[in-house]
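Text of the file upload19.csv, holding CSV, N, CA and C atoms:
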```csv
chain,number,residue,atom,x,y,z
A,1,GLN,N,74.7,109.1,112.6
A,1,GLN,CA,74.8,107.9,111.8
A,1,GLN,C,75.2,108.2,110.4
A,2,VAL,N,76.3,107.7,110.0
A,2,VAL,CA,76.7,108.1,108.6
A,2,VAL,C,75.9,107.4,107.6
A,3,GLN,N,75.6,108.1,106.5
A,3,GLN,CA,74.8,107.6,105.4
A,3,GLN,C,75.6,107.8,104.1
A,4,LEU,N,75.6,106.7,103.3
A,4,LEU,CA,76.3,106.8,102.1
A,4,LEU,C,75.5,106.5,100.9
A,5,ALA,N,75.8,107.2,99.8
A,5,ALA,CA,75.1,107.1,98.6
A,5,ALA,C,76.0,107.0,97.4
A,6,GLU,N,76.0,105.9,96.7
A,6,GLU,CA,76.8,105.7,95.5
A,6,GLU,C,76.1,106.3,94.2
A,7,SER,N,77.0,106.6,93.3
A,7,SER,CA,76.5,107.0,92.0
A,7,SER,C,77.6,106.7,90.9
A,8,GLY,N,77.2,106.6,89.7
A,8,GLY,CA,78.3,106.5,88.6
A,8,GLY,C,78.3,105.1,88.0
A,9,GLY,N,77.5,104.2,88.4
A,9,GLY,CA,77.6,102.9,87.8
A,9,GLY,C,77.0,103.0,86.4
A,10,GLY,N,77.1,101.9,85.6
A,10,GLY,CA,76.5,101.8,84.3
A,10,GLY,C,77.1,100.6,83.5
A,11,SER,N,76.8,100.7,82.2
A,11,SER,CA,77.3,99.6,81.3
A,11,SER,C,78.3,100.1,80.4
A,12,VAL,N,79.4,99.4,80.3
A,12,VAL,CA,80.5,99.8,79.4
A,12,VAL,C,81.1,98.5,78.7
A,13,GLN,N,81.8,98.7,77.6
A,13,GLN,CA,82.5,97.6,77.0
A,13,GLN,C,83.8,97.4,77.6
A,14,ALA,N,84.3,96.2,77.5
A,14,ALA,CA,85.6,95.8,78.0
A,14,ALA,C,86.7,96.8,77.5
A,15,GLY,N,87.5,97.2,78.4
A,15,GLY,CA,88.5,98.2,78.1
A,15,GLY,C,88.1,99.7,78.5
A,16,GLY,N,86.8,99.8,78.8
A,16,GLY,CA,86.3,101.2,79.1
A,16,GLY,C,86.6,101.6,80.5
A,17,SER,N,86.1,102.7,80.9
A,17,SER,CA,86.3,103.3,82.2
A,17,SER,C,85.0,103.8,82.8
A,18,LEU,N,84.9,103.8,84.1
A,18,LEU,CA,83.8,104.4,84.9
A,18,LEU,C,84.4,105.0,86.1
A,19,ARG,N,83.7,106.0,86.7
A,19,ARG,CA,84.1,106.5,88.0
A,19,ARG,C,82.9,106.5,88.9
A,20,LEU,N,83.0,105.8,90.0
A,20,LEU,CA,82.0,105.7,91.0
A,20,LEU,C,82.3,106.8,92.0
A,21,SER,N,81.2,107.3,92.6
A,21,SER,CA,81.3,108.3,93.6
A,21,SER,C,80.5,107.8,94.8
A,22,CYS,N,80.9,108.2,96.0
A,22,CYS,CA,80.2,107.9,97.2
A,22,CYS,C,80.1,109.1,98.1
A,23,ALA,N,78.9,109.7,98.3
A,23,ALA,CA,78.7,110.9,99.1
A,23,ALA,C,78.3,110.5,100.5
A,24,ALA,N,79.0,111.1,101.5
A,24,ALA,CA,78.7,110.8,102.9
A,24,ALA,C,77.9,111.9,103.5
A,25,ALA,N,76.9,111.5,104.3
A,25,ALA,CA,76.0,112.5,104.9
A,25,ALA,C,75.8,112.0,106.4
A,26,GLY,N,75.3,113.0,107.2
A,26,GLY,CA,74.9,112.6,108.6
A,26,GLY,C,76.1,112.4,109.5
A,27,ILE,N,77.2,113.0,109.1
A,27,ILE,CA,78.4,112.9,110.0
A,27,ILE,C,78.9,114.3,110.4
A,28,THR,N,79.4,114.3,111.5
A,28,THR,CA,79.9,115.6,112.0
A,28,THR,C,81.4,115.8,112.1
A,29,ASP,N,82.1,114.7,112.1
A,29,ASP,CA,83.5,114.8,112.3
A,29,ASP,C,84.3,114.2,111.1
A,30,PHE,N,83.7,113.5,110.2
A,30,PHE,CA,84.3,112.9,109.0
A,30,PHE,C,85.5,112.1,109.4
A,31,LEU,N,85.5,111.5,110.7
A,31,LEU,CA,86.6,110.6,111.1
A,31,LEU,C,86.3,109.2,110.7
A,32,TYR,N,86.2,109.0,109.5
A,32,TYR,CA,86.0,107.7,108.9
A,32,TYR,C,87.0,107.4,107.9
A,33,ASN,N,87.2,106.1,107.7
A,33,ASN,CA,88.0,105.6,106.6
A,33,ASN,C,87.0,104.9,105.6
A,34,TRP,N,87.4,104.8,104.4
A,34,TRP,CA,86.5,104.4,103.3
A,34,TRP,C,86.9,103.1,102.6
A,35,GLY,N,85.9,102.5,102.0
A,35,GLY,CA,86.2,101.3,101.2
A,35,GLY,C,85.2,101.1,100.1
A,36,TRP,N,85.6,100.4,99.1
A,36,TRP,CA,84.7,99.9,98.1
A,36,TRP,C,84.7,98.4,98.0
A,37,PHE,N,83.5,97.8,97.9
A,37,PHE,CA,83.4,96.4,97.8
A,37,PHE,C,82.5,96.1,96.6
A,38,ARG,N,82.5,94.8,96.2
A,38,ARG,CA,81.6,94.5,95.1
A,38,ARG,C,81.1,93.0,95.3
A,39,GLN,N,80.0,92.8,94.7
A,39,GLN,CA,79.4,91.4,94.8
A,39,GLN,C,78.8,91.1,93.4
A,40,ALA,N,79.4,90.0,92.8
A,40,ALA,CA,78.9,89.5,91.6
A,40,ALA,C,77.8,88.5,91.8
A,41,PRO,N,76.9,88.2,90.9
A,41,PRO,CA,75.8,87.3,91.1
A,41,PRO,C,76.4,85.9,91.5
A,42,GLY,N,75.8,85.3,92.6
A,42,GLY,CA,76.2,84.0,93.1
A,42,GLY,C,77.5,84.0,93.8
A,43,LYS,N,78.1,85.1,94.1
A,43,LYS,CA,79.4,85.2,94.8
A,43,LYS,C,79.2,86.0,96.1
A,44,GLY,N,80.2,85.9,97.0
A,44,GLY,CA,80.2,86.7,98.2
A,44,GLY,C,80.8,88.1,97.9
A,45,ARG,N,80.6,89.0,98.9
A,45,ARG,CA,81.1,90.3,98.7
A,45,ARG,C,82.6,90.4,98.8
A,46,GLU,N,83.2,91.1,97.9
A,46,GLU,CA,84.7,91.1,97.8
A,46,GLU,C,85.2,92.6,98.1
A,47,GLY,N,86.2,92.7,98.9
A,47,GLY,CA,86.8,94.0,99.1
A,47,GLY,C,87.6,94.4,97.9
A,48,VAL,N,87.5,95.6,97.4
A,48,VAL,CA,88.1,96.1,96.2
A,48,VAL,C,89.2,97.1,96.5
A,49,ALA,N,88.9,98.1,97.3
A,49,ALA,CA,89.9,99.1,97.6
A,49,ALA,C,89.5,99.8,98.9
A,50,SER,N,90.5,100.3,99.5
A,50,SER,CA,90.3,101.1,100.8
A,50,SER,C,91.3,102.2,100.9
A,51,VAL,N,90.9,103.2,101.7
A,51,VAL,CA,91.7,104.4,101.9
A,51,VAL,C,91.5,105.0,103.2
A,52,TYR,N,92.4,105.7,103.8
A,52,TYR,CA,92.2,106.5,105.0
A,52,TYR,C,91.6,107.8,104.7
A,53,LEU,N,91.0,108.4,105.8
A,53,LEU,CA,90.2,109.6,105.6
A,53,LEU,C,90.8,110.7,104.9
A,54,ASP,N,92.2,110.8,104.9
A,54,ASP,CA,92.9,111.9,104.2
A,54,ASP,C,93.4,111.5,102.9
A,55,GLY,N,93.0,110.3,102.4
A,55,GLY,CA,93.4,109.8,101.1
A,55,GLY,C,94.7,109.1,101.1
A,56,SER,N,95.3,108.9,102.3
A,56,SER,CA,96.5,108.1,102.4
A,56,SER,C,96.3,106.6,102.4
A,57,GLY,N,97.4,105.9,102.2
A,57,GLY,CA,97.3,104.4,102.4
A,57,GLY,C,96.4,103.7,101.6
A,58,PRO,N,96.2,104.0,100.3
A,58,PRO,CA,95.3,103.3,99.4
A,58,PRO,C,95.8,101.8,99.3
A,59,TYR,N,94.8,100.9,99.3
A,59,TYR,CA,95.1,99.5,99.3
A,59,TYR,C,94.1,98.8,98.3
A,60,TYR,N,94.6,97.9,97.5
A,60,TYR,CA,93.8,97.3,96.5
A,60,TYR,C,93.8,95.8,96.5
A,61,ALA,N,92.7,95.2,96.1
A,61,ALA,CA,92.7,93.8,95.9
A,61,ALA,C,93.6,93.5,94.6
A,62,ASP,N,94.2,92.4,94.6
A,62,ASP,CA,95.1,92.0,93.5
A,62,ASP,C,94.4,92.1,92.2
A,63,SER,N,93.1,91.7,92.2
A,63,SER,CA,92.3,91.7,90.9
A,63,SER,C,92.1,93.0,90.3
A,64,VAL,N,92.3,94.1,91.0
A,64,VAL,CA,92.1,95.4,90.4
A,64,VAL,C,93.3,96.3,90.5
A,65,LYS,N,94.4,95.8,91.1
A,65,LYS,CA,95.6,96.6,91.2
A,65,LYS,C,96.1,97.1,89.9
A,66,GLY,N,96.4,98.4,89.8
A,66,GLY,CA,96.9,98.9,88.5
A,66,GLY,C,95.9,99.4,87.6
A,67,ARG,N,94.6,99.0,87.9
A,67,ARG,CA,93.5,99.5,87.0
A,67,ARG,C,92.5,100.4,87.8
A,68,PHE,N,92.3,100.2,89.1
A,68,PHE,CA,91.4,101.0,89.8
A,68,PHE,C,92.2,102.0,90.7
A,69,THR,N,91.6,103.1,91.0
A,69,THR,CA,92.2,104.1,91.9
A,69,THR,C,91.1,104.7,92.8
A,70,ILE,N,91.4,104.6,94.1
A,70,ILE,CA,90.5,105.2,95.1
A,70,ILE,C,91.0,106.5,95.6
A,71,SER,N,90.1,107.5,95.8
A,71,SER,CA,90.5,108.8,96.2
A,71,SER,C,89.5,109.4,97.0
A,72,VAL,N,89.8,110.5,97.7
A,72,VAL,CA,89.0,111.2,98.7
A,72,VAL,C,89.0,112.7,98.4
A,73,ASP,N,87.8,113.3,98.5
A,73,ASP,CA,87.7,114.8,98.5
A,73,ASP,C,87.0,115.1,99.8
A,74,GLN,N,87.8,115.5,100.8
A,74,GLN,CA,87.3,115.7,102.1
A,74,GLN,C,86.3,116.9,102.1
A,75,SER,N,86.6,117.9,101.3
A,75,SER,CA,85.8,119.1,101.3
A,75,SER,C,84.4,118.8,100.8
A,76,LYS,N,84.2,117.8,100.0
A,76,LYS,CA,82.9,117.4,99.5
A,76,LYS,C,82.4,116.2,100.2
A,77,LYS,N,83.1,115.7,101.2
A,77,LYS,CA,82.7,114.5,101.9
A,77,LYS,C,82.3,113.4,100.9
A,78,THR,N,83.2,113.2,100.0
A,78,THR,CA,82.9,112.3,98.9
A,78,THR,C,84.2,111.5,98.6
A,79,PHE,N,84.0,110.2,98.3
A,79,PHE,CA,85.2,109.5,97.8
A,79,PHE,C,84.8,108.7,96.5
A,80,TYR,N,85.9,108.3,95.8
A,80,TYR,CA,85.7,107.9,94.5
A,80,TYR,C,86.4,106.6,94.2
A,81,LEU,N,85.9,105.9,93.1
A,81,LEU,CA,86.7,104.7,92.6
A,81,LEU,C,86.7,104.9,91.1
A,82,GLN,N,87.9,105.3,90.6
A,82,GLN,CA,88.1,105.4,89.2
A,82,GLN,C,88.5,104.0,88.7
A,83,MET,N,87.8,103.5,87.7
A,83,MET,CA,87.9,102.1,87.2
A,83,MET,C,88.3,102.2,85.7
A,84,ASN,N,89.5,101.8,85.4
A,84,ASN,CA,90.0,101.8,84.0
A,84,ASN,C,90.2,100.4,83.6
A,85,SER,N,90.4,100.2,82.3
A,85,SER,CA,90.7,98.9,81.7
A,85,SER,C,89.7,97.8,82.2
A,86,LEU,N,88.4,98.2,82.2
A,86,LEU,CA,87.4,97.3,82.8
A,86,LEU,C,87.3,96.0,82.0
A,87,LYS,N,87.1,94.9,82.8
A,87,LYS,CA,86.9,93.6,82.2
A,87,LYS,C,85.6,93.0,82.5
A,88,PRO,N,85.1,92.0,81.8
A,88,PRO,CA,83.8,91.4,82.1
A,88,PRO,C,83.7,90.9,83.6
A,89,ASP,N,84.9,90.4,84.1
A,89,ASP,CA,84.9,89.9,85.4
A,89,ASP,C,84.7,91.0,86.5
A,90,ASP,N,84.8,92.3,86.1
A,90,ASP,CA,84.5,93.4,87.0
A,90,ASP,C,83.0,93.6,87.2
A,91,THR,N,82.2,92.9,86.4
A,91,THR,CA,80.7,93.1,86.5
A,91,THR,C,80.2,92.7,87.9
A,92,ALA,N,79.6,93.6,88.6
A,92,ALA,CA,79.1,93.3,89.9
A,92,ALA,C,78.3,94.5,90.4
A,93,MET,N,77.7,94.4,91.5
A,93,MET,CA,77.1,95.5,92.3
A,93,MET,C,78.2,96.0,93.2
A,94,TYR,N,78.5,97.3,93.1
A,94,TYR,CA,79.5,97.9,93.8
A,94,TYR,C,79.0,98.7,95.0
A,95,TYR,N,79.6,98.6,96.2
A,95,TYR,CA,79.1,99.2,97.4
A,95,TYR,C,80.2,100.0,98.0
A,96,CYS,N,79.9,101.2,98.5
A,96,CYS,CA,80.9,101.9,99.3
A,96,CYS,C,80.5,101.7,100.8
A,97,ALA,N,81.5,101.9,101.6
A,97,ALA,CA,81.4,101.6,103.0
A,97,ALA,C,82.3,102.5,103.8
A,98,ALA,N,81.9,102.7,105.1
A,98,ALA,CA,82.7,103.5,106.0
A,98,ALA,C,83.0,102.7,107.3
A,99,ARG,N,84.2,103.0,107.8
A,99,ARG,CA,84.6,102.4,109.1
A,99,ARG,C,85.3,103.5,109.9
A,100,ARG,N,85.3,103.2,111.2
A,100,ARG,CA,85.9,104.2,112.1
A,100,ARG,C,87.4,104.4,111.8
A,101,ASN,N,87.9,105.6,112.1
A,101,ASN,CA,89.3,105.9,111.8
A,101,ASN,C,90.3,105.2,112.7
A,102,LEU,N,90.5,104.0,112.5
A,102,LEU,CA,91.5,103.2,113.3
A,102,LEU,C,92.4,102.6,112.3
A,103,TRP,N,93.7,102.5,112.7
A,103,TRP,CA,94.6,101.8,111.8
A,103,TRP,C,94.4,100.3,111.8
A,104,LEU,N,94.5,99.7,110.6
A,104,LEU,CA,94.4,98.3,110.5
A,104,LEU,C,95.5,97.8,109.5
A,105,PRO,N,95.9,96.6,109.7
A,105,PRO,CA,96.8,96.0,108.7
A,105,PRO,C,96.1,96.1,107.3
A,106,PRO,N,96.9,96.4,106.3
A,106,PRO,CA,96.3,96.7,105.0
A,106,PRO,C,95.2,95.6,104.5
A,107,GLU,N,95.6,94.3,104.7
A,107,GLU,CA,94.6,93.3,104.2
A,107,GLU,C,93.3,93.4,105.0
A,108,ALA,N,93.3,93.8,106.2
A,108,ALA,CA,92.1,93.9,107.0
A,108,ALA,C,91.2,95.0,106.6
A,109,THR,N,91.7,96.0,105.9
A,109,THR,CA,90.9,97.1,105.4
A,109,THR,C,90.0,96.7,104.3
A,110,LEU,N,90.1,95.5,103.8
A,110,LEU,CA,89.2,95.0,102.8
A,110,LEU,C,88.3,93.9,103.3
A,111,THR,N,88.2,93.9,104.6
A,111,THR,CA,87.3,92.9,105.3
A,111,THR,C,86.0,93.6,105.7
A,112,GLU,N,84.9,93.1,105.1
A,112,GLU,CA,83.6,93.8,105.3
A,112,GLU,C,83.1,93.9,106.7
A,113,GLU,N,83.6,93.0,107.6
A,113,GLU,CA,83.1,93.1,109.0
A,113,GLU,C,83.7,94.3,109.7
A,114,LYS,N,84.7,94.9,109.1
A,114,LYS,CA,85.3,96.1,109.8
A,114,LYS,C,84.5,97.4,109.5
A,115,TYR,N,83.5,97.3,108.6
A,115,TYR,CA,82.8,98.5,108.2
A,115,TYR,C,81.4,98.5,108.8
A,116,LEU,N,81.0,99.8,109.2
A,116,LEU,CA,79.8,99.9,110.0
A,116,LEU,C,78.6,100.6,109.2
A,117,ALA,N,78.9,101.1,108.0
A,117,ALA,CA,77.9,101.8,107.2
A,117,ALA,C,78.1,101.4,105.8
A,118,TRP,N,77.0,101.3,105.1
A,118,TRP,CA,77.1,100.9,103.7
A,118,TRP,C,76.1,101.7,102.8
A,119,GLY,N,76.5,101.9,101.5
A,119,GLY,CA,75.6,102.5,100.6
A,119,GLY,C,74.7,101.4,100.0
A,120,GLN,N,73.8,101.8,99.2
A,120,GLN,CA,72.8,100.9,98.6
A,120,GLN,C,73.3,100.1,97.4
A,121,GLY,N,74.4,100.5,96.9
A,121,GLY,CA,75.0,99.8,95.7
A,121,GLY,C,74.7,100.4,94.4
A,122,THR,N,75.6,100.3,93.5
A,122,THR,CA,75.4,100.7,92.1
A,122,THR,C,76.0,99.7,91.2
A,123,GLN,N,75.2,99.4,90.1
A,123,GLN,CA,75.6,98.3,89.3
A,123,GLN,C,76.6,98.7,88.2
A,124,VAL,N,77.6,97.8,88.0
A,124,VAL,CA,78.5,98.0,87.0
A,124,VAL,C,78.5,96.7,86.1
A,125,THR,N,78.3,96.9,84.8
A,125,THR,CA,78.2,95.8,83.9
A,125,THR,C,79.2,96.1,82.7
A,126,VAL,N,80.1,95.1,82.5
A,126,VAL,CA,81.1,95.2,81.5
A,126,VAL,C,80.9,94.1,80.5
A,127,SER,N,80.7,94.5,79.3
A,127,SER,CA,80.4,93.5,78.2
A,127,SER,C,81.7,93.3,77.4
A,128,SER,N,81.8,92.1,76.9
A,128,SER,CA,83.0,91.7,76.1
A,128,SER,C,82.9,92.1,74.6
```
Just give me the structure as structure tokens.
Amino acid sequence: QVQLAESGGGSVQAGGSLRLSCAAAGITDFLYNWGWFRQAPGKGREGVASVYLDGSGPYYADSVKGRFTISVDQSKKTFYLQMNSLKPDDTAMYYCAARRNLWLPPEATLTEEKYLAWGQGTQVTVSS
């Protein structure tokens, strides 16, 4: 059973940067693909970025494209979300997630139902 743990959240001013990390444990084959989601107060969970296990095929929600970058370090069983040019609208609880290594159409990789394991979440707050 894969277990995920996020870190790196915090409070920043608009225009600032943060890097979130997600460490995976309890896996033997690392045959998973990865995603980041977020949930703002009073809103549903939104897919932010996804990537295949080897770091290929990154895909982003339009709201973060050009500002966020997802990456993978297989040797550390960790993946990341670099967030630049942060806006107050980026304020949310951020979750990392894992899904089995299957190809999906890009848009489907941001669908939470495709993911089988989730981290506990890390808060990101961006002030204006």
Taking (82.5, 116.8, 102.8) in the file's own coordinates, collect the residues within 9 Å, counting only C-alpha atoms, and hand them back as a PDB file with N, CA and C atoms, keeping the file's coordinate frame.
```pdb
ATOM      1  N   ALA A  23      78.900 109.700  98.300  1.00  0.00           N
ATOM      2  CA  ALA A  23      78.700 110.900  99.100  1.00  0.00           C
ATOM      3  C   ALA A  23      78.300 110.500 100.500  1.00  0.00           C
ATOM      4  N   ALA A  24      79.000 111.100 101.500  1.00  0.00           N
ATOM      5  CA  ALA A  24      78.700 110.800 102.900  1.00  0.00           C
ATOM      6  C   ALA A  24      77.900 111.900 103.500  1.00  0.00           C
ATOM      7  N   ALA A  25      76.900 111.500 104.300  1.00  0.00           N
ATOM      8  CA  ALA A  25      76.000 112.500 104.900  1.00  0.00           C
ATOM      9  C   ALA A  25      75.800 112.000 106.400  1.00  0.00           C
ATOM     10  N   PHE A  30      83.700 113.500 110.200  1.00  0.00           N
ATOM     11  CA  PHE A  30      84.300 112.900 109.000  1.00  0.00           C
ATOM     12  C   PHE A  30      85.500 112.100 109.400  1.00  0.00           C
ATOM     13  N   ASP A  73      87.800 113.300  98.500  1.00  0.00           N
ATOM     14  CA  ASP A  73      87.700 114.800  98.500  1.00  0.00           C
ATOM     15  C   ASP A  73      87.000 115.100  99.800  1.00  0.00           C
ATOM     16  N   GLN A  74      87.800 115.500 100.800  1.00  0.00           N
ATOM     17  CA  GLN A  74      87.300 115.700 102.100  1.00  0.00           C
ATOM     18  C   GLN A  74      86.300 116.900 102.100  1.00  0.00           C
ATOM     19  N   SER A  75      86.600 117.900 101.300  1.00  0.00           N
ATOM     20  CA  SER A  75      85.800 119.100 101.300  1.00  0.00           C
ATOM     21  C   SER A  75      84.400 118.800 100.800  1.00  0.00           C
ATOM     22  N   LYS A  76      84.200 117.800 100.000  1.00  0.00           N
ATOM     23  CA  LYS A  76      82.900 117.400  99.500  1.00  0.00           C
ATOM     24  C   LYS A  76      82.400 116.200 100.200  1.00  0.00           C
ATOM     25  N   LYS A  77      83.100 115.700 101.200  1.00  0.00           N
ATOM     26  CA  LYS A  77      82.700 114.500 101.900  1.00  0.00           C
ATOM     27  C   LYS A  77      82.300 113.400 100.900  1.00  0.00           C
ATOM     28  N   THR A  78      83.200 113.200 100.000  1.00  0.00           N
ATOM     29  CA  THR A  78      82.900 112.300  98.900  1.00  0.00           C
ATOM     30  C   THR A  78      84.200 111.500  98.600  1.00  0.00           C
TER      31      THR A  78
END
```
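For the residues A:Asn84, A:Thr109, A:Ser127, A:Ser21, ranking by smallest atom-to-atom distance to Gly9 (chain A) using only N, CA and C atoms places A:Ser21 first.
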Checklist entry - Leaving out Gly47 (chain A) and any residue of its chain fewer than 3 positions from it, which residues lie within 7 Å of it when counting only N, CA and C atoms, given as JSON, numbers by chain? => result {"A": [36, 37, 38, 50, 60, 61, 109, 110, 111, 112]}
Next on the checklist: Counting only C-alpha atoms, which residue out of A:Ser128, A:Thr91, A:Ser7, A:Ser17 sits closest to Thr69 (chain A)?
Outcome noted: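 Checking each of A:Ser128, A:Thr91, A:Ser7, A:Ser17 against Thr69 (chain A), counting only C-alpha atoms, the winner is A:Ser17.
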Checklist entry - Any idea what the distance is between atom N of Gly55 (chain A) and atom C of Gly8 (chain A)? => result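 Between atom N of Gly55 (chain A) and atom C of Gly8 (chain A) the gap works out to 21.2 Å.
Among the candidates A:Ile70, A:Cys96, A:Val48, A:Leu31, the residue lying nearest to Glu6 (chain A) is A:Cys96 (atoms considered: only N, CA and C atoms).
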Item to check | Distance of CA of Leu53 (chain A) from CA of Val72 (chain A), expressed in Å to one decimal place | outcome: 7.2 Å
Checklist entry - Could you write out, as JSON, numbers by chain, all the residues of chain A that DSSP marks as strand (DSSP E)? => result {"A": [3, 4, 5, 6, 7, 10, 11, 12, 13, 18, 19, 20, 21, 22, 23, 24, 25, 32, 33, 34, 35, 36, 37, 38, 39, 46, 47, 48, 49, 50, 51, 59, 60, 68, 69, 70, 71, 72, 73, 78, 79, 80, 81, 82, 83, 92, 93, 94, 95, 96, 97, 98, 99, 100, 117, 118, 122, 123, 124, 125, 126, 127]}
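Shortest separation to Ala108 (chain A) among A:Leu81, A:Val51, A:Val2, A:Leu18 occurs at residue A:Val51, atoms counted being only C-alpha atoms.
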Checklist entry - A:Gly35, A:Gly16, A:Gly10, A:Gly121: which is nearest Tyr52 (chain A), counting only N, CA and C atoms? => result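 Of A:Gly35, A:Gly16, A:Gly10, A:Gly121, the one nearest Tyr52 (chain A), counting only N, CA and C atoms, is A:Gly35.
Atom to atom, CA of Gly26 (chain A) and CA of Ala92 (chain A) stand 27.2 Å apart.
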Item to check | Shell of 6 Å around Ala98 (chain A), only C-alpha atoms, local chain residues under 2 positions omitted, as a ChimeraX atom specification | outcome: /A:33-34,115,117
Residues within 6.5 Å of Val126 (chain A), please, as a PDB file with N, CA and C atoms, in the coordinates of the input. Count only N, CA and C atoms; anything in the same chain fewer than 6 positions from it doesn't count.
```pdb
ATOM      1  N   GLY A  10      77.100 101.900  85.600  1.00  0.00           N
ATOM      2  CA  GLY A  10      76.500 101.800  84.300  1.00  0.00           C
ATOM      3  C   GLY A  10      77.100 100.600  83.500  1.00  0.00           C
ATOM      4  N   SER A  11      76.800 100.700  82.200  1.00  0.00           N
ATOM      5  CA  SER A  11      77.300  99.600  81.300  1.00  0.00           C
ATOM      6  C   SER A  11      78.300 100.100  80.400  1.00  0.00           C
ATOM      7  N   VAL A  12      79.400  99.400  80.300  1.00  0.00           N
ATOM      8  CA  VAL A  12      80.500  99.800  79.400  1.00  0.00           C
ATOM      9  C   VAL A  12      81.100  98.500  78.700  1.00  0.00           C
ATOM     10  N   GLN A  13      81.800  98.700  77.600  1.00  0.00           N
ATOM     11  CA  GLN A  13      82.500  97.600  77.000  1.00  0.00           C
ATOM     12  C   GLN A  13      83.800  97.400  77.600  1.00  0.00           C
ATOM     13  N   ALA A  14      84.300  96.200  77.500  1.00  0.00           N
ATOM     14  CA  ALA A  14      85.600  95.800  78.000  1.00  0.00           C
ATOM     15  C   ALA A  14      86.700  96.800  77.500  1.00  0.00           C
ATOM     16  N   LEU A  86      88.400  98.200  82.200  1.00  0.00           N
ATOM     17  CA  LEU A  86      87.400  97.300  82.800  1.00  0.00           C
ATOM     18  C   LEU A  86      87.300  96.000  82.000  1.00  0.00           C
ATOM     19  N   LYS A  87      87.100  94.900  82.800  1.00  0.00           N
ATOM     20  CA  LYS A  87      86.900  93.600  82.200  1.00  0.00           C
ATOM     21  C   LYS A  87      85.600  93.000  82.500  1.00  0.00           C
ATOM     22  N   PRO A  88      85.100  92.000  81.800  1.00  0.00           N
ATOM     23  CA  PRO A  88      83.800  91.400  82.100  1.00  0.00           C
ATOM     24  C   PRO A  88      83.700  90.900  83.600  1.00  0.00           C
ATOM     25  N   ASP A  90      84.800  92.300  86.100  1.00  0.00           N
ATOM     26  CA  ASP A  90      84.500  93.400  87.000  1.00  0.00           C
ATOM     27  C   ASP A  90      83.000  93.600  87.200  1.00  0.00           C
ATOM     28  N   THR A  91      82.200  92.900  86.400  1.00  0.00           N
ATOM     29  CA  THR A  91      80.700  93.100  86.500  1.00  0.00           C
ATOM     30  C   THR A  91      80.200  92.700  87.900  1.00  0.00           C
ATOM     31  N   ALA A  92      79.600  93.600  88.600  1.00  0.00           N
ATOM     32  CA  ALA A  92      79.100  93.300  89.900  1.00  0.00           C
ATOM     33  C   ALA A  92      78.300  94.500  90.400  1.00  0.00           C
TER      34      ALA A  92
END
```
Next on the checklist: According to DSSP computed on the backbone, where in chain A is there helix (DSSP H, G or I)? Give the residues as a PyMOL selection string.
Outcome noted: chain A and resi 74-76+88-90+106-110+112-114
Kindly add N, CA, C and O atoms to the incomplete region 89-98 of chain A and provide the output as a PDB file, in the frame of the given file.
```
ATOM      1  N   ASP A  89      84.900  90.400  84.100  1.00  0.00           N
ATOM      2  CA  ASP A  89      84.900  89.900  85.400  1.00  0.00           C
ATOM      3  C   ASP A  89      84.700  91.000  86.500  1.00  0.00           C
ATOM      4  O   ASP A  89      84.493  90.683  87.659  1.00  0.00           O
ATOM      5  N   ASP A  90      84.800  92.300  86.100  1.00  0.00           N
ATOM      6  CA  ASP A  90      84.500  93.400  87.000  1.00  0.00           C
ATOM      7  C   ASP A  90      83.000  93.600  87.200  1.00  0.00           C
ATOM      8  O   ASP A  90      82.576  94.425  88.004  1.00  0.00           O
ATOM      9  N   THR A  91      82.200  92.900  86.400  1.00  0.00           N
ATOM     10  CA  THR A  91      80.700  93.100  86.500  1.00  0.00           C
ATOM     11  C   THR A  91      80.200  92.700  87.900  1.00  0.00           C
ATOM     12  O   THR A  91      80.502  91.553  88.337  1.00  0.00           O
ATOM     13  N   ALA A  92      79.600  93.600  88.600  1.00  0.00           N
ATOM     14  CA  ALA A  92      79.100  93.300  89.900  1.00  0.00           C
ATOM     15  C   ALA A  92      78.300  94.500  90.400  1.00  0.00           C
ATOM     16  O   ALA A  92      78.293  95.605  89.774  1.00  0.00           O
ATOM     17  N   MET A  93      77.700  94.400  91.500  1.00  0.00           N
ATOM     18  CA  MET A  93      77.100  95.500  92.300  1.00  0.00           C
ATOM     19  C   MET A  93      78.200  96.000  93.200  1.00  0.00           C
ATOM     20  O   MET A  93      78.884  95.248  93.888  1.00  0.00           O
ATOM     21  N   TYR A  94      78.500  97.300  93.100  1.00  0.00           N
ATOM     22  CA  TYR A  94      79.500  97.900  93.800  1.00  0.00           C
ATOM     23  C   TYR A  94      79.000  98.700  95.000  1.00  0.00           C
ATOM     24  O   TYR A  94      77.983  99.479  94.858  1.00  0.00           O
ATOM     25  N   TYR A  95      79.600  98.600  96.200  1.00  0.00           N
ATOM     26  CA  TYR A  95      79.100  99.200  97.400  1.00  0.00           C
ATOM     27  C   TYR A  95      80.200 100.000  98.000  1.00  0.00           C
ATOM     28  O   TYR A  95      81.395  99.570  98.055  1.00  0.00           O
ATOM     29  N   CYS A  96      79.900 101.200  98.500  1.00  0.00           N
ATOM     30  CA  CYS A  96      80.900 101.900  99.300  1.00  0.00           C
ATOM     31  C   CYS A  96      80.500 101.700 100.800  1.00  0.00           C
ATOM     32  O   CYS A  96      79.410 101.401 101.123  1.00  0.00           O
ATOM     33  N   ALA A  97      81.500 101.900 101.600  1.00  0.00           N
ATOM     34  CA  ALA A  97      81.400 101.600 103.000  1.00  0.00           C
ATOM     35  C   ALA A  97      82.300 102.500 103.800  1.00  0.00           C
ATOM     36  O   ALA A  97      83.338 102.992 103.321  1.00  0.00           O
ATOM     37  N   ALA A  98      81.900 102.700 105.100  1.00  0.00           N
ATOM     38  CA  ALA A  98      82.700 103.500 106.000  1.00  0.00           C
ATOM     39  C   ALA A  98      83.000 102.700 107.300  1.00  0.00           C
ATOM     40  O   ALA A  98      82.234 101.918 107.735  1.00  0.00           O
TER      41      ALA A  98
END
```
